[in-house]
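Source file: entry.csv; contents: CSV, C-alpha atoms and all ligand atoms.
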```
chain,number,residue,atom,x,y,z
M,1,MET,CA,0.0,0.0,0.0
M,2,SER,CA,3.1,2.2,0.0
M,3,ASP,CA,2.1,3.7,-3.4
M,4,VAL,CA,-1.4,4.8,-2.4
M,5,THR,CA,-1.9,8.6,-2.3
M,6,LEU,CA,-4.0,10.4,0.2
M,7,ALA,CA,-6.7,11.2,-2.4
M,8,GLN,CA,-6.8,7.5,-3.2
M,9,PHE,CA,-7.4,6.8,0.5
M,10,GLY,CA,-10.4,9.1,0.3
M,11,TRP,CA,-8.8,12.4,1.5
M,12,ARG,CA,-10.8,15.3,0.1
M,13,ALA,CA,-11.6,19.0,0.8
M,14,PHE,CA,-14.1,18.1,3.5
M,15,PHE,CA,-11.2,16.8,5.6
M,16,SER,CA,-8.3,18.9,4.5
M,17,LYS,CA,-10.1,22.1,5.3
M,18,GLN,CA,-10.4,21.0,8.9
M,19,VAL,CA,-6.6,21.0,9.3
M,20,SER,CA,-4.9,24.1,10.6
M,21,ALA,CA,-1.7,25.6,9.3
M,22,GLU,CA,0.1,24.5,12.5
M,23,GLU,CA,-1.3,21.0,12.3
M,24,LYS,CA,-0.1,20.7,8.8
M,25,ILE,CA,3.4,21.1,10.0
M,26,CYS,CA,3.4,18.8,13.0
M,27,CYS,CA,0.8,16.2,12.0
M,28,ARG,CA,0.2,13.6,9.4
M,29,PRO,CA,-3.3,12.6,8.2
M,30,VAL,CA,-4.0,8.8,8.3
M,31,ARG,CA,-7.0,6.6,7.8
M,32,VAL,CA,-8.1,3.9,10.2
M,33,MET,CA,-7.9,0.5,8.5
M,34,SER,CA,-9.0,-1.6,11.5
M,35,VAL,CA,-9.8,-1.3,15.2
M,36,HIS,CA,-8.5,-3.5,18.0
M,37,ARG,CA,-8.6,-3.4,21.7
M,38,GLY,CA,-6.8,-0.2,22.6
M,39,ARG,CA,-5.1,0.2,19.2
M,40,VAL,CA,-5.9,1.0,15.6
M,41,THR,CA,-4.0,0.2,12.4
M,42,VAL,CA,-3.7,3.3,10.3
M,43,ALA,CA,-2.4,4.0,6.8
M,44,GLY,CA,-1.5,7.2,4.9
M,45,GLU,CA,0.8,8.3,2.1
M,46,GLY,CA,3.8,5.9,2.3
M,47,PHE,CA,2.9,5.1,5.9
M,48,GLU,CA,1.4,2.3,7.9
M,49,ASP,CA,1.4,1.7,11.6
M,50,SER,CA,-0.5,0.4,14.6
M,51,ILE,CA,-1.1,3.2,17.2
M,52,VAL,CA,-2.7,3.6,20.6
M,53,SER,CA,-6.2,4.7,20.0
M,54,THR,CA,-6.9,6.7,23.1
M,55,LEU,CA,-7.5,10.3,22.5
M,56,PRO,CA,-6.0,12.7,25.1
M,57,GLY,CA,-8.9,14.4,26.9
M,58,ALA,CA,-11.5,12.3,25.2
M,59,GLU,CA,-15.0,12.6,26.7
M,60,GLY,CA,-16.2,9.2,25.5
M,61,GLY,CA,-19.2,9.0,23.2
M,62,GLU,CA,-18.1,9.5,19.7
M,63,ASP,CA,-14.7,10.7,20.7
M,64,ARG,CA,-12.7,7.6,19.7
M,65,PRO,CA,-11.5,6.3,16.4
M,66,THR,CA,-13.5,3.8,14.3
M,67,VAL,CA,-12.8,2.1,11.0
M,68,GLY,CA,-12.8,4.6,8.1
M,69,ASP,CA,-11.9,7.6,10.4
M,70,TRP,CA,-9.4,10.2,9.4
M,71,LEU,CA,-7.0,11.0,12.2
M,72,LEU,CA,-4.2,13.5,12.7
M,73,ILE,CA,-1.2,11.9,14.3
M,74,ASP,CA,2.0,13.4,15.5
M,75,HIS,CA,4.7,13.3,12.9
M,76,ASP,CA,7.4,12.2,15.3
M,77,ASN,CA,5.9,9.9,17.9
M,78,HIS,CA,2.7,8.9,16.0
M,79,GLY,CA,0.5,9.8,18.9
M,80,LEU,CA,-3.1,10.4,18.2
M,81,LYS,CA,-3.9,14.2,18.1
M,82,ARG,CA,-7.4,14.5,16.7
M,83,ILE,CA,-10.2,12.7,15.0
M,84,LEU,CA,-11.4,14.8,12.0
M,85,ASP,CA,-15.1,15.5,11.7
M,86,ARG,CA,-16.8,12.6,9.9
M,87,ALA,CA,-18.6,12.9,6.6
M,88,SER,CA,-20.8,10.0,7.8
M,89,LEU,CA,-21.0,7.8,10.9
M,90,PHE,CA,-22.7,4.4,11.5
M,91,LYS,CA,-23.3,3.8,15.2
M,92,ARG,CA,-25.6,1.9,17.5
M,93,PRO,CA,-26.4,1.8,21.2
M,94,ALA,CA,-23.9,-0.4,22.9
M,95,PRO,CA,-25.4,-3.8,23.8
M,96,GLY,CA,-26.6,-3.8,27.4
M,97,ASP,CA,-25.9,-0.1,28.0
M,98,ASP,CA,-28.3,2.4,26.5
M,99,ARG,CA,-26.2,5.4,27.4
M,100,ARG,CA,-23.1,4.3,25.4
M,101,VAL,CA,-22.8,4.1,21.7
M,102,GLN,CA,-20.8,1.6,19.7
M,103,LEU,CA,-19.2,3.1,16.6
M,104,ILE,CA,-19.4,0.9,13.6
M,105,ALA,CA,-17.8,2.8,10.7
M,106,ALA,CA,-17.1,6.3,9.5
M,107,ASN,CA,-16.8,8.2,6.2
M,108,ILE,CA,-18.7,5.7,4.0
M,109,ASP,CA,-19.9,7.3,0.8
M,110,THR,CA,-22.1,4.6,-0.6
M,111,LEU,CA,-24.2,1.9,1.0
M,112,PHE,CA,-25.1,-0.9,-1.3
M,113,VAL,CA,-28.4,-2.3,-0.2
M,114,VAL,CA,-28.3,-5.8,-1.6
M,115,THR,CA,-31.3,-7.9,-2.3
M,116,SER,CA,-32.1,-10.6,-4.9
M,117,CYS,CA,-34.6,-10.8,-7.7
M,118,ASN,CA,-36.4,-13.6,-5.9
M,119,ARG,CA,-38.3,-14.1,-2.7
M,120,ASP,CA,-35.8,-12.1,-0.7
M,121,PHE,CA,-37.1,-9.0,-2.4
M,122,ASN,CA,-39.1,-7.2,0.3
M,123,VAL,CA,-40.2,-3.6,0.0
M,124,ALA,CA,-40.5,-3.1,3.8
M,125,ARG,CA,-37.0,-4.3,4.4
M,126,LEU,CA,-35.6,-2.1,1.6
M,127,GLU,CA,-37.3,0.9,3.1
M,128,ARG,CA,-35.6,0.1,6.5
M,129,TYR,CA,-32.2,0.1,4.9
M,130,LEU,CA,-33.0,3.3,3.0
M,131,VAL,CA,-34.0,5.0,6.2
M,132,LEU,CA,-30.7,4.0,7.9
M,133,ALA,CA,-28.7,5.3,5.0
M,134,ARG,CA,-30.5,8.6,4.9
M,135,GLU,CA,-30.2,9.0,8.6
M,136,VAL,CA,-26.4,8.6,8.4
M,137,GLY,CA,-26.0,10.7,5.3
M,138,VAL,CA,-24.7,7.9,3.1
M,139,ARG,CA,-25.9,7.5,-0.5
M,140,PRO,CA,-27.9,4.3,-0.8
M,141,VAL,CA,-27.8,2.2,-4.0
M,142,VAL,CA,-30.1,-0.7,-4.3
M,143,VAL,CA,-28.3,-3.7,-5.9
M,144,LEU,CA,-30.6,-6.4,-7.2
M,145,THR,CA,-28.6,-9.6,-7.6
M,146,LYS,CA,-29.5,-12.7,-9.4
M,147,ALA,CA,-31.0,-10.7,-12.2
M,148,ASP,CA,-29.8,-13.6,-14.4
M,149,GLN,CA,-32.2,-15.9,-12.7
M,150,THR,CA,-35.5,-14.2,-13.4
M,151,PRO,CA,-37.2,-13.6,-16.7
M,152,VAL,CA,-38.5,-10.3,-15.4
M,153,PRO,CA,-35.6,-8.4,-13.7
M,154,GLY,CA,-37.2,-5.1,-14.8
M,155,ARG,CA,-40.2,-5.7,-12.5
M,156,PHE,CA,-37.9,-5.9,-9.5
M,157,ALA,CA,-36.0,-2.8,-10.6
M,158,ASP,CA,-39.3,-0.8,-11.1
M,159,ALA,CA,-40.6,-1.8,-7.7
M,160,ALA,CA,-37.4,-0.7,-6.1
M,161,ARG,CA,-37.3,2.6,-8.0
M,162,ALA,CA,-40.8,3.3,-6.9
M,163,LEU,CA,-39.6,3.6,-3.3
M,164,GLN,CA,-38.0,7.0,-3.8
M,165,SER,CA,-37.8,9.4,-6.7
M,166,ASP,CA,-34.0,9.8,-6.8
M,167,LEU,CA,-33.1,6.2,-5.8
M,168,ARG,CA,-30.3,4.5,-7.7
M,169,VAL,CA,-31.0,0.9,-8.6
M,170,GLU,CA,-28.6,-1.5,-10.3
M,171,SER,CA,-29.5,-5.0,-11.5
M,172,VAL,CA,-26.6,-7.4,-11.6
M,173,ASN,CA,-25.4,-10.9,-11.8
M,174,ALA,CA,-23.0,-10.8,-8.9
M,175,ARG,CA,-20.9,-13.6,-10.3
M,176,ASP,CA,-20.3,-11.9,-13.6
M,177,PRO,CA,-17.5,-9.2,-13.5
M,178,THR,CA,-19.0,-7.4,-16.6
M,179,SER,CA,-22.4,-7.1,-14.9
M,180,ALA,CA,-20.8,-6.0,-11.6
M,181,ALA,CA,-19.0,-3.3,-13.6
M,182,LEU,CA,-22.3,-1.4,-13.3
M,183,MET,CA,-21.3,-0.8,-9.7
M,184,ALA,CA,-17.8,0.4,-10.7
M,185,ARG,CA,-18.6,4.1,-10.7
M,186,TYR,CA,-19.3,3.9,-6.9
M,187,CYS,CA,-16.1,2.1,-6.3
M,188,ALA,CA,-13.5,4.5,-7.9
M,189,ALA,CA,-10.3,5.7,-6.2
M,190,GLY,CA,-11.1,7.5,-3.0
M,191,GLN,CA,-14.6,6.2,-2.7
M,192,THR,CA,-15.7,4.1,0.3
M,193,VAL,CA,-18.5,1.6,0.2
M,194,ALA,CA,-20.2,-0.9,2.4
M,195,LEU,CA,-22.8,-3.6,1.8
M,196,VAL,CA,-25.8,-4.7,3.7
M,197,GLY,CA,-28.5,-7.3,3.0
M,198,SER,CA,-29.9,-10.7,4.1
M,199,SER,CA,-28.0,-13.9,4.1
M,200,GLY,CA,-27.6,-15.5,0.7
M,201,VAL,CA,-28.3,-12.5,-1.5
M,202,GLY,CA,-24.8,-12.5,-2.8
M,203,LYS,CA,-22.8,-10.0,-0.6
M,204,SER,CA,-19.7,-12.2,-0.5
M,205,THR,CA,-20.0,-12.9,-4.2
M,206,LEU,CA,-20.2,-9.2,-5.0
M,207,ILE,CA,-17.3,-8.4,-2.7
M,208,ASN,CA,-15.2,-11.0,-4.4
M,209,THR,CA,-16.2,-9.6,-7.8
M,210,LEU,CA,-15.5,-6.0,-6.7
M,211,THR,CA,-12.1,-6.8,-5.0
M,212,GLY,CA,-11.1,-9.1,-7.8
M,213,SER,CA,-10.1,-11.7,-5.2
M,214,ALA,CA,-11.7,-14.9,-3.8
M,215,ASP,CA,-10.5,-14.7,-0.3
M,216,ILE,CA,-13.0,-12.4,1.5
M,217,ALA,CA,-15.5,-15.1,2.3
M,218,THR,CA,-12.7,-17.1,4.0
M,219,GLN,CA,-11.3,-14.2,6.0
M,220,ALA,CA,-11.9,-14.5,9.7
M,221,VAL,CA,-13.4,-11.1,10.6
M,222,ARG,CA,-14.2,-11.7,14.2
M,223,GLU,CA,-14.7,-9.2,16.9
M,224,ASP,CA,-13.2,-9.6,20.3
M,225,ASP,CA,-14.9,-12.5,22.0
M,226,GLY,CA,-14.5,-11.1,25.5
M,227,LYS,CA,-11.7,-13.5,26.4
M,228,GLY,CA,-9.1,-11.2,25.1
M,229,ARG,CA,-8.6,-13.1,21.8
M,230,HIS,CA,-8.8,-11.1,18.7
M,231,THR,CA,-7.4,-11.3,15.2
M,232,THR,CA,-4.8,-8.6,14.7
M,233,THR,CA,-4.0,-9.2,11.1
M,234,VAL,CA,-7.5,-8.8,9.6
M,235,ARG,CA,-8.2,-5.6,7.7
M,236,GLU,CA,-11.6,-4.1,7.9
M,237,MET,CA,-11.0,-1.9,4.9
M,238,HIS,CA,-10.5,-3.8,1.7
M,239,ARG,CA,-9.0,-2.3,-1.5
M,240,LEU,CA,-11.4,-2.6,-4.5
M,241,SER,CA,-10.0,-3.3,-7.9
M,242,ARG,CA,-11.3,0.1,-9.1
M,243,GLY,CA,-9.2,1.8,-6.4
M,244,GLY,CA,-11.9,2.4,-3.8
M,245,TRP,CA,-12.4,0.9,-0.4
M,246,LEU,CA,-14.9,-1.5,1.0
M,247,ILE,CA,-15.6,-1.6,4.8
M,248,ASP,CA,-16.8,-5.0,5.9
M,249,THR,CA,-17.2,-5.6,9.6
M,250,PRO,CA,-19.6,-7.6,11.7
M,251,GLY,CA,-21.2,-4.3,12.8
M,252,ILE,CA,-22.0,-3.3,9.3
M,253,ARG,CA,-23.5,-6.7,8.6
M,254,GLU,CA,-25.7,-6.4,11.7
M,255,LEU,CA,-26.9,-2.8,11.1
M,256,GLN,CA,-30.2,-2.2,12.8
M,257,MET,CA,-32.6,0.6,13.4
M,258,SER,CA,-31.9,3.0,16.2
M,259,ALA,CA,-33.0,6.6,16.4
M,260,VAL,CA,-33.6,7.3,12.8
M,261,THR,CA,-36.3,10.0,12.9
M,262,SER,CA,-34.9,12.2,10.1
M,263,GLY,CA,-34.2,9.1,7.9
M,264,VAL,CA,-37.8,8.0,8.3
M,265,ALA,CA,-39.0,11.5,7.4
M,266,GLU,CA,-36.8,11.6,4.3
M,267,VAL,CA,-37.7,8.2,2.9
M,268,PHE,CA,-41.3,8.8,3.5
M,269,ASP,CA,-41.4,12.5,2.6
M,270,ASP,CA,-44.4,11.9,0.4
M,271,VAL,CA,-46.3,10.8,3.5
M,272,THR,CA,-45.0,13.3,5.9
M,273,ASP,CA,-45.7,16.2,3.5
M,274,VAL,CA,-49.4,15.1,3.4
M,275,ALA,CA,-49.4,14.7,7.2
M,276,LEU,CA,-48.5,18.4,7.6
M,277,GLU,CA,-52.0,19.2,6.2
M,278,CYS,CA,-53.8,17.3,8.9
M,279,GLN,CA,-56.1,19.6,10.9
M,280,PHE,CA,-54.6,18.6,14.3
M,281,THR,CA,-50.8,18.6,14.8
M,282,ASN,CA,-51.1,15.6,17.0
M,283,CYS,CA,-53.3,13.7,14.5
M,284,GLY,CA,-53.1,10.0,14.8
M,285,HIS,CA,-54.4,9.6,11.2
M,286,GLY,CA,-57.3,7.4,12.3
M,287,GLU,CA,-60.7,8.8,13.1
M,288,GLU,CA,-59.7,12.4,13.8
M,289,PRO,CA,-61.6,15.0,11.7
M,290,GLY,CA,-59.6,16.7,9.0
M,291,CYS,CA,-57.0,14.0,8.6
M,292,ALA,CA,-55.1,14.6,5.3
M,293,ILE,CA,-53.6,11.1,5.3
M,294,VAL,CA,-57.0,9.4,5.5
M,295,ALA,CA,-58.3,11.8,2.7
M,296,ALA,CA,-55.3,11.0,0.5
M,297,VAL,CA,-55.8,7.3,0.9
M,298,ALA,CA,-59.4,7.7,0.0
M,299,LEU,CA,-58.5,9.6,-3.1
M,300,GLY,CA,-55.9,7.0,-4.1
M,301,SER,CA,-53.0,9.4,-4.0
M,302,LEU,CA,-51.3,7.5,-1.1
M,303,ASP,CA,-50.9,3.8,-0.9
M,304,PRO,CA,-52.4,2.4,2.4
M,305,ALA,CA,-49.7,-0.3,2.6
M,306,ARG,CA,-47.0,2.3,2.5
M,307,ILE,CA,-48.8,4.3,5.3
M,308,ASP,CA,-48.7,1.1,7.4
M,309,ARG,CA,-45.0,0.6,6.8
M,310,TRP,CA,-44.4,4.3,7.7
M,311,ARG,CA,-46.4,3.9,11.0
M,312,LYS,CA,-44.4,0.8,11.9
M,313,LEU,CA,-41.0,2.4,11.3
M,314,ALA,CA,-41.9,5.6,13.0
M,315,GLU,CA,-43.2,3.7,16.0
M,316,GLU,CA,-40.1,1.6,16.2
M,317,ASP,CA,-38.0,4.7,16.0
M,318,ALA,CA,-40.0,6.4,18.8
M,319,GLN,CA,-39.4,3.4,21.0
M,320,ASN,CA,-35.7,3.2,20.1
M,321,SER,CA,-35.2,6.9,20.8
M,322,GLY,CA,-37.0,6.6,24.1
M,323,ALA,CA,-39.6,9.2,23.1
M,324,VAL,CA,-42.6,9.2,25.3
M,325,GLU,CA,-45.2,10.6,23.0
M,326,THR,CA,-44.7,10.8,19.2
M,327,ARG,CA,-46.5,10.8,16.0
M,328,PRO,CA,-47.6,8.9,14.1
M,329,ARG,CA,-49.6,6.7,16.4
M,330,SER,CA,-52.4,4.3,15.7
M,331,ARG,CA,-54.5,2.5,18.3
M,332,SER,CA,-54.5,-0.8,16.6
M,333,ARG,CA,-50.8,-1.1,15.8
M,334,ARG,CA,-49.2,0.3,19.0
M,335,THR,CA,-47.2,-2.4,20.6
M,336,GLY,CA,-45.3,-2.7,23.8
M,337,ASN,CA,-41.8,-3.6,22.9
M,338,ARG,CA,-41.4,-4.2,19.2
M,339,LYS,CA,-38.1,-5.8,18.2
M,340,SER,CA,-36.1,-3.3,16.3
M,341,ARG,CA,-33.8,-5.7,14.4
M,342,LEU,CA,-34.2,-6.3,10.8
M,343,PRO,CA,-36.4,-9.4,10.3
M,344,ASP,CA,-33.7,-11.4,8.6
M,345,GLN,CA,-30.8,-10.9,10.8
U,401,LIG,N1,-26.9,-16.9,-10.6
U,401,LIG,C1,-26.5,-16.0,-9.6
U,401,LIG,N2,-26.1,-16.5,-8.4
U,401,LIG,C2,-25.7,-15.7,-7.4
U,401,LIG,C3,-25.7,-14.3,-7.6
U,401,LIG,N3,-25.3,-13.7,-6.5
U,401,LIG,C4,-25.0,-14.7,-5.6
U,401,LIG,N4,-25.2,-15.9,-6.2
U,401,LIG,C5,-25.1,-17.2,-5.5
U,401,LIG,O1,-25.9,-17.2,-4.3
U,401,LIG,C6,-25.2,-17.9,-3.3
U,401,LIG,C7,-25.1,-17.0,-2.0
U,401,LIG,O2,-24.2,-16.0,-2.3
U,401,LIG,P1,-23.3,-15.3,-1.2
U,401,LIG,O3,-22.4,-14.4,-1.8
U,401,LIG,O4,-22.6,-16.4,-0.3
U,401,LIG,O5,-24.4,-14.6,-0.2
U,401,LIG,P2,-24.1,-13.7,1.0
U,401,LIG,O6,-25.0,-12.5,0.9
U,401,LIG,O7,-22.7,-13.4,1.2
U,401,LIG,O8,-24.6,-14.6,2.2
U,401,LIG,P3,-24.1,-14.6,3.7
U,401,LIG,O9,-22.6,-14.8,3.7
U,401,LIG,O10,-24.9,-15.7,4.4
U,401,LIG,O11,-24.4,-13.2,4.3
U,401,LIG,C8,-23.9,-18.4,-3.9
U,401,LIG,O12,-24.1,-19.7,-4.3
U,401,LIG,C9,-23.7,-17.4,-5.0
U,401,LIG,O13,-22.9,-18.0,-6.0
U,401,LIG,C10,-26.2,-13.8,-8.9
U,401,LIG,O14,-26.2,-12.6,-9.2
U,401,LIG,N5,-26.6,-14.7,-9.8
U,402,ZN,ZN,-53.9,12.8,10.1
```
As structure tokens, please, write out the structure in this file.
Ligand SMILES: Nc1nc2c(ncn2[C@@H]2O[C@H](COP(=O)(O)OP(=O)(O)OP(=O)(O)O)[C@@H](O)[C@H]2O)c(=O)[nH]1
Ligand SMILES: [Zn+2]
Amino acid sequence: MSDVTLAQFGWRAFFSKQVSAEEKICCRPVRVMSVHRGRVTVAGEGFEDSIVSTLPGAEGGEDRPTVGDWLLIDHDNHGLKRILDRASLFKRPAPGDDRRVQLIAANIDTLFVVTSCNRDFNVARLERYLVLAREVGVRPVVVLTKADQTPVPGRFADAARALQSDLRVESVNARDPTSAALMARYCAAGQTVALVGSSGVGKSTLINTLTGSADIATQAVREDDGKGRHTTTVREMHRLSRGGWLIDTPGIRELQMSAVTSGVAEVFDDVTDVALECQFTNCGHGEEPGCAIVAAVALGSLDPARIDRWRKLAEEDAQNSGAVETRPRSRSRRTGNRKSRLPDQ
């Protein structure tokens, strides 16, 4: 990796303009390739090292490095000086401790939401992933694999495109490099991508096609098992054959919904726009007078199934965010403690 330039690592104006003149002299920017207990492996222009990951004066929370982060480290002793502001950050509540967050990955540009042109294709699940991506500020691209195994790939693509007006959808045969070349433009030098999707949809196949190697599936990417054992050699950022980077960690594969209020609002903006017209601001969109949602459904301009999915996601979000009273709310669908994980994981 000694020949990789900063720009190829993903360095761009968003990061360089955060660096002061003084820092330019005493520090070196490096990107986090993988995270281990107490240490991170980092790489920069002509530079690779494993450094202590504790930030002097860190206040916890998001103040620690995660894979994909850009760091400034001291030129001489390689000590961690600063984590640069992130262009995007995937995180989740730490298991068993609601007040702590677990950082999953930073500075991902594109999230490939992978599903197959078969029974795996599920609009509600796609919407969940789109909500996650929007919440984090990452561009989602729906990748429909196994397009070679259906006579009607266009139908799946149309159904996916209908979810959001500006949504990018690519239909591929994940096993065929020429077909996967459709995804190349998201994988160019300096670009960082990640993949999510159910088991068996072809994520490993795609990764192998995109990295041009066959070893990803066999790589032991294992998080610390609590007994102090961890693999120190495994990279969590993989170089793509087009020059970009792929972040593949257990955390990414297990992405789940947590506090995604603005993501829900963005993915369902057609619904939330209509809800603004309801007569009462706390409208439950049931039997209240002057409900614009009910009226739009009656007119056929909103799909009742989509409204149901919106309610479900918004309710889950309200529970995950610990909100006491939120919209939307329906009498029939309100549940005590709905599981927030994606159904297939
Ligand atoms: N014909 C065809 N087969 C595919 C395609 N994508 C994946 N497959 C096959 O589907 C099976 C599952 O693919 P994987 O890449 O292992 O799926 P995965 O998403 O990584 O699954 P997990 O590792 O369980 O998360 C393999 O036998 C692949 O060869 C495709 O686009 N077309
Ligand atoms: Zn209403």
With 8 Å as the cut-off and only C-alpha atoms counted, what is the closest atom pair between each nearby residue of range 182-221 of chain M and range 168-176 of chain M? Distances in Å to one decimal, ordered by chain and number, as a tab-separated table.
```
residue	atom	partner	partner_atom	distance
M:Leu182	CA	M:Glu170	CA	7.0
M:Met183	CA	M:Glu170	CA	7.4
M:Gly202	CA	M:Ala174	CA	6.6
M:Thr205	CA	M:Ala174	CA	6.0
M:Leu206	CA	M:Ala174	CA	5.1
M:Thr209	CA	M:Arg175	CA	6.7
```
Neighbourhood of ligand ZN 402 (chain U) at 8 Å, counting all atoms listed in the file, reported as a short mmCIF file (atom, residue, chain, number, x, y, z; two decimals) with C-alpha atoms, in the coordinates of the input:
```
data_model
loop_
_atom_site.label_atom_id
_atom_site.label_comp_id
_atom_site.auth_asym_id
_atom_site.auth_seq_id
_atom_site.Cartn_x
_atom_site.Cartn_y
_atom_site.Cartn_z
CA ALA M 275 -49.40 14.70 7.20
CA GLU M 277 -52.00 19.20 6.20
CA CYS M 278 -53.80 17.30 8.90
CA GLN M 279 -56.10 19.60 10.90
CA PHE M 280 -54.60 18.60 14.30
CA ASN M 282 -51.10 15.60 17.00
CA CYS M 283 -53.30 13.70 14.50
CA GLY M 284 -53.10 10.00 14.80
CA HIS M 285 -54.40 9.60 11.20
CA GLY M 286 -57.30 7.40 12.30
CA GLU M 288 -59.70 12.40 13.80
CA GLY M 290 -59.60 16.70 9.00
CA CYS M 291 -57.00 14.00 8.60
CA ALA M 292 -55.10 14.60 5.30
CA ILE M 293 -53.60 11.10 5.30
CA VAL M 294 -57.00 9.40 5.50
#
```
### Task
Identify, counting all atoms listed in the file, the protein, DNA and RNA residues located within 9 Å of ligand LIG 401 (chain U), and give them as JSON, numbers by chain.
{"M": [114, 115, 116, 117, 144, 145, 146, 147, 148, 149, 171, 172, 173, 174, 175, 176, 179, 180, 196, 197, 198, 199, 200, 201, 202, 203, 204, 205, 206, 207, 208, 217, 253]}
### Between CA of Ala13 in chain M and CA of Thr110 in chain M - distance in Å to one decimal
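A separation of 17.9 Å between them.
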### Task
Find the spatial neighbours of Arg99 in chain M, counting only C-alpha atoms, within a cut-off of 9 Å - ignore same-chain residues fewer than 3 positions away - and output them as a ChimeraX atom specification.
/M:61,93-94
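Each of M:Gly244, M:Pro29, M:Gly60, M:Pro250 was checked against Trp11 in chain M using all atoms listed in the file; the smallest atom-to-atom distance is that of M:Pro29.
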Polymer residues at most 8 Å from range 267-272 of chain M, all atoms listed in the file, same-chain spacing of 3 or more positions, as a short mmCIF file (atom, residue, chain, number, x, y, z; two decimals) with C-alpha atoms, in the frame of the given file:
```cif
data_model
loop_
_atom_site.label_atom_id
_atom_site.label_comp_id
_atom_site.auth_asym_id
_atom_site.auth_seq_id
_atom_site.Cartn_x
_atom_site.Cartn_y
_atom_site.Cartn_z
CA GLU M 127 -37.30 0.90 3.10
CA LEU M 130 -33.00 3.30 3.00
CA VAL M 131 -34.00 5.00 6.20
CA ARG M 134 -30.50 8.60 4.90
CA LEU M 163 -39.60 3.60 -3.30
CA GLN M 164 -38.00 7.00 -3.80
CA GLY M 263 -34.20 9.10 7.90
CA VAL M 264 -37.80 8.00 8.30
CA ALA M 275 -49.40 14.70 7.20
CA LEU M 276 -48.50 18.40 7.60
CA ILE M 293 -53.60 11.10 5.30
CA LEU M 302 -51.30 7.50 -1.10
CA ILE M 307 -48.80 4.30 5.30
CA TRP M 310 -44.40 4.30 7.70
#
```
### Task
For CA of Val4 in chain M and CA of Gly44 in chain M, determine how far apart the two atoms are, in Å to one decimal place.
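It comes out at 7.7 Å.
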## Note on the structure
Using all atoms listed in the file, the best pick from M:Ala265, M:Ala194, M:Cys26, M:Ala133 as closest to Asp248 in chain M would be M:Ala194
### Summary
Min atom-atom distance to Ser165 in chain M from the set M:Glu266, M:Arg242, M:Asp109, M:Gly212, counting all atoms listed in the file, belongs to M:Glu266
### Query
How many Å lie between CA of Arg37 in chain M and CA of Asp76 in chain M, rounded to one decimal?
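CA of Asp76 in chain M lies 23.2 Å from CA of Arg37 in chain M.
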### Query
Between M:His238, M:Arg28, M:His36, M:Arg309, which one has atoms that come closest to Asn122 in chain M, using only C-alpha atoms?
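Distance minimum relative to Asn122 in chain M lands on M:Arg309.
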### Task
Name the closest residue to Glu48 in chain M among the candidates M:Leu111, M:Val297, M:Met33, M:Ala184; distances are taken between atoms, counting all atoms listed in the file.
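Smallest distance to Glu48 in chain M is found for M:Met33.
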### Message
From the options M:Arg311, M:Arg12, M:Arg185, M:Lys91, which residue's atoms come nearest to Val141 in chain M, counting all atoms listed in the file?
### Response
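Using all atoms listed in the file, Val141 in chain M sits closest to M:Arg185.
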Would you list the contacts of Val123 in chain M as a tab-separated table (two decimals) with C-alpha atoms, in the frame of the given file, taking every protein, DNA or RNA residue within 9 Å and counting only C-alpha atoms, but skipping same-chain residues closer than 5 positions in sequence?
```
chain	number	residue	atom	x	y	z
M	128	ARG	CA	-35.60	0.10	6.50
M	159	ALA	CA	-40.60	-1.80	-7.70
M	160	ALA	CA	-37.40	-0.70	-6.10
M	163	LEU	CA	-39.60	3.60	-3.30
```
### Task
Do a neighbour search on range 187-192 of chain M at 6 Å with all atoms listed in the file, toss out local chain neighbours closer than 4 positions, and write the hits as a PyMOL selection string.
chain M and resi 7-10+108-109+242-246
Save out the residues we just selected, C-alpha atoms, as a CSV table (one decimal), in the coordinates of the input.
```
chain,number,residue,atom,x,y,z
M,7,ALA,CA,-6.7,11.2,-2.4
M,8,GLN,CA,-6.8,7.5,-3.2
M,9,PHE,CA,-7.4,6.8,0.5
M,10,GLY,CA,-10.4,9.1,0.3
M,108,ILE,CA,-18.7,5.7,4.0
M,109,ASP,CA,-19.9,7.3,0.8
M,242,ARG,CA,-11.3,0.1,-9.1
M,243,GLY,CA,-9.2,1.8,-6.4
M,244,GLY,CA,-11.9,2.4,-3.8
M,245,TRP,CA,-12.4,0.9,-0.4
M,246,LEU,CA,-14.9,-1.5,1.0
```
